[in-house]
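Visitor: One structure coming up, written as structure tokens, with questions to follow.
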There are 2 protein chains.
Amino acid sequence: MSDSEAPAYRAAGVDIAAADRLVALLRARVTATRPEVTAGIGGFYGGFRLPDGTELVAGADGVGTKILLARELGRFDTIGIDLVAMNVNDILTAGAEPLFFLDYVAVGRLEPEQVAEVVAGIDRGCREAGCALLGGETAEMPGLYRPGDLDLAGFAVGRVLSRRHPAPPVSPGFRIVGIAASGLHANGFSLVRAILERARVDLRDPVGESGTSWAEELLRPTRIYVRPVLDLCTRFPVAAMAHITGGGLVGNLPRVLGGFGARLAFGAWPVPPVMRELQRLGGVTDAEMARVFNLGVGYCLVVPPEVVADIVAALGAVGWPAWDIGVVVETAGVSGL
Amino acid sequence: MSDSEAPAYRAAGVDIAAADRLVALLRARVTATRPEVTAGIGGFYGGFRLPDGTELVAGADGVGTKILLARELGRFDTIGIDLVAMNVNDILTAGAEPLFFLDYVAVGRLEPEQVAEVVAGIDRGCREAGCALLGGETAEMPGLYRPGDLDLAGFAVGRVLSRRHPAPPVSPGFRIVGIAASGLHANGFSLVRAILERARVDLRDPVGESGTSWAEELLRPTRIYVRPVLDLCTRFPVAAMAHITGGGLVGNLPRVLGGFGARLAFGAWPVPPVMRELQRLGGVTDAEMARVFNLGVGYCLVVPPEVVADIVAALGAVGWPAWDIGVVVETAGVSGL
């Protein structure tokens, strides 16, 4: 998208147009490949086929500036769950079981208890995702990070599961099932912090009319979709899946629609109050909200219309809200806003 | 090691004792594992066995504060080679062929050309190591990084190769073959920067009597040992291998000696002039030098004595200096200094 479509995000210091230029540069310049590669730069994951036919998938991701909020609040026990979620939800879109995870933690001054708290969250996330925490690196880098600052990166490797129902090709008329996000997940936090700072919001105050504080709402860890989604993949035909991260539904859904588009029924599912309140405080347009935040939908499945009701019911039965949020259409892009 | 053994490094802001405490904390707290895990936290790599018997190994690492030097010099074309090297040399110690690599690049302000230059270096490193650059993440994080600052993390996955000569168990009397480093590699740079700053060294000046500038010496990329070492593993019995990174020979060799120790013939191989000059300028003790820098040896093979001459000759024949640097002994630890 162009900067003009995300003026508030741009003002908060995030340049989405530069990110798009970078992806184009990298696609042109990366030459290191091998015949076993099945999916490369630009997708939710990279794929690599082993000699026996096993397809591995891998992804790398961080938690963005949500880490700065954790630091402000002095709470490091759940940011590791976000880190695992951002990675395993990405490789999950390949229909892959996460096998193992590694982390990179960079700090300005090494405080072992602080890092151990972060890693305890990573460990919890890995257990939730069913993968092993196989290793990692903690780097003490005075001069690059201030004392107290830290950054996190994660890497996940999974194995694509064979399915009883092979994935049908994405076709116009297929429905899009959206599964509820647990909150903001780990995206848009540079904008969140800019809005809250300008509005002089105290993070201990409740969000709007709710009884929940900003701190609690904002830090709530990203949902890990692995177990219910892998279960759905064994029971139903699933054509494609998308993890709704930076770029929102508008930026992420088209990545898996094979050139088709989506018409979404914005308004057909509940947008979390915290996002409504951020929009109000920041005067952010609907269009930009849809490009920066997940609007309450953290993960999407693209499925034949006849299985939508069963999938929504199956998710509801395990306590996961899900909705039929739209339809695949011939015309590329996302409409409906 | 304790802080008292690395006073200069401590003064430069790197607390090795805290790092040791962290490893102990993590070993106690990490619970997310799976039956397929063959090697976990604390080694050069993590291992994971697939159902068909294939053993995957994976590692995560960064380049430390060498990135700050690259920034000071405005040269980002080779730091990506370091990033790949730090990772693939680690998993190489398992006798593993690197399959694929992913990167994480974090910036304060996204300048696509700068990041593309970094990734071009990563791409070169991957080609040298024979692995695919499968993906990555570039995160723009205003507020955490200053404009112009960046950090890098990498992640490599490899497959352990079957060997014609199975690895014999490490035994006293086995020799240690050291392969030359290309320079400082990517370790000890917080100390390097502190020494050079205090001594008011101009990075354009030559190092000591040499004709090479500090800038060139310091930024020279880390050697990637993959191709010759995998070749050696097919031709000779190799009991164990170590990548000499932070901690130096003293910290890294014992990790692979299975409780035995090493007596090294310090003085039997040439220590690079740049390290001698850093020692002189910083007044660093021999003991601390051996714990922070590689002293000219970037990678070690532990082998039965009867194959040492052939291995050194094979490396020499392809232009890689290597030396018989010592012997495995009953007593744990590294002696000889």
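Labels for the structure tokens follow display order: chains A, B, ..., residues from 1 in each chain, ligands from 1.
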Kindly provide the residues of chain A that approach chain B to within 7 Å, each paired with its closest atom pair and their distance in Å to one decimal, based on only C-alpha atoms, listed by chain and increasing number, as a tab-separated table.
Guide:
```
residue	atom	partner	partner_atom	distance
A:Gly13	CA	B:Pro142	CA	5.9
A:Val14	CA	B:Glu140	CA	6.4
A:Ala18	CA	B:Pro112	CA	6.3
A:Arg21	CA	B:Pro112	CA	6.6
A:Leu22	CA	B:Pro112	CA	4.8
A:Leu25	CA	B:Ala116	CA	6.6
A:Leu26	CA	B:Ala116	CA	6.3
A:Arg29	CA	B:Ala120	CA	6.8
A:Val30	CA	B:Asp123	CA	6.0
A:Thr31	CA	B:Asp123	CA	6.5
A:Ala32	CA	B:Ala132	CA	5.0
A:Thr33	CA	B:Ala132	CA	4.1
A:Arg34	CA	B:Ala132	CA	5.6
A:Gly40	CA	B:Leu134	CA	5.3
A:Ile41	CA	B:Gly135	CA	4.9
A:Gly46	CA	B:Leu134	CA	5.2
A:Gly59	CA	B:Gly136	CA	6.8
A:Ala60	CA	B:Gly136	CA	5.3
A:Asp61	CA	B:Glu137	CA	5.6
A:Gly64	CA	B:Met141	CA	6.3
A:Thr65	CA	B:Met141	CA	5.9
A:Leu102	CA	B:Ala60	CA	6.5
A:Asp103	CA	B:Ala60	CA	6.9
A:Tyr104	CA	B:Ala60	CA	6.6
A:Leu110	CA	B:Ala18	CA	6.6
A:Pro112	CA	B:Leu22	CA	4.8
A:Ala116	CA	B:Leu26	CA	6.3
A:Ala120	CA	B:Arg29	CA	6.7
A:Asp123	CA	B:Ala32	CA	5.6
A:Cys126	CA	B:Ala32	CA	5.9
A:Arg127	CA	B:Ala32	CA	5.2
A:Cys131	CA	B:Thr33	CA	6.8
A:Ala132	CA	B:Thr33	CA	4.1
A:Leu133	CA	B:Ala32	CA	5.5
A:Leu134	CA	B:Gly46	CA	5.3
A:Gly135	CA	B:Ile41	CA	4.9
A:Gly136	CA	B:Ala60	CA	5.4
A:Glu137	CA	B:Asp61	CA	5.6
A:Ala139	CA	B:Gly64	CA	6.6
A:Glu140	CA	B:Val14	CA	6.4
A:Met141	CA	B:Thr65	CA	5.9
A:Pro142	CA	B:Gly13	CA	5.8
A:Ala153	CA	B:Tyr104	CA	6.8
A:Phe155	CA	B:Phe155	CA	6.9
```
Visitor: Near Ala314 of chain A, within 9 Å and counting only C-alpha atoms, which residues show up once chain neighbours fewer than 6 positions away are dropped, as a PyMOL selection string?
Guide: chain A and resi 228+232+320
Visitor: One decimal, Å: what's the distance from atom CA of Ala287 of chain A over to atom CA of Ala268 of chain A, could you say?
Guide: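 Rounded to one decimal, the two atoms are 16.5 Å apart.
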Visitor: Using DSSP on the backbone coordinates, identify the residues of segment 15-153 of chain A assigned to strand (DSSP E); present them as a PyMOL selection string.
Guide: chain A and resi 37-39+46-49+55-62+96-107+132-140+150-153
Visitor: Which polymer residues have any atom within 7 Å of an atom of segment 250-252 of chain B, counting only C-alpha atoms, with same-chain residues fewer than 3 positions away left out, as a PDB file with C-alpha atoms, in the first residue's frame?
Guide:
```pdb
ATOM      1  CA  ALA B 242      34.257 -26.788  17.782  1.00  0.00           C
ATOM      2  CA  ILE B 244      35.634 -20.835  18.183  1.00  0.00           C
ATOM      3  CA  GLY B 247      34.719 -17.531  24.952  1.00  0.00           C
ATOM      4  CA  ARG B 255      32.091 -27.994  25.121  1.00  0.00           C
ATOM      5  CA  ALA B 290      42.298 -16.299  25.143  1.00  0.00           C
ATOM      6  CA  ARG B 291      38.761 -15.980  26.532  1.00  0.00           C
ATOM      7  CA  VAL B 334      42.172 -25.886  28.854  1.00  0.00           C
TER       8      VAL B 334
END
```
Visitor: Name the residues of segment 10-249 of chain B that come out as alpha helix (DSSP H) in a backbone DSSP run; write them as a ChimeraX atom specification.
Guide: /B:10-11,16-29,66-73,79-92,112-129,189-198,214-219,226-235,248-249
Visitor: Between A:Ser162, A:Ser335, A:Thr93, A:Gln279, which residue has the minimum interatomic distance to Tyr225 of chain A, considering only C-alpha atoms?
Guide: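 Among A:Ser162, A:Ser335, A:Thr93, A:Gln279, it is A:Thr93 that comes nearest to Tyr225 of chain A.
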Visitor: Out of A:Leu230, A:Glu72, A:Pro172, A:Gly148, which residue has the shortest atom-to-atom distance to Pro98 of chain A when counting only C-alpha atoms?
Guide: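 Smallest distance to Pro98 of chain A is found for A:Leu230.
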Visitor: Which is closest to Leu56 of chain B among B:Glu97, B:Asn89, B:Arg75, B:Ser213, if we use only C-alpha atoms?
Guide: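 Closest residue, counting only C-alpha atoms: B:Glu97.
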Visitor: Near Val192 of chain B, within 9 Å and counting only C-alpha atoms, which residues show up once chain neighbours fewer than 3 positions away are dropped, as number ranges by chain?
Guide: B: 12, 188-189, 195-197, 218, 278, 282
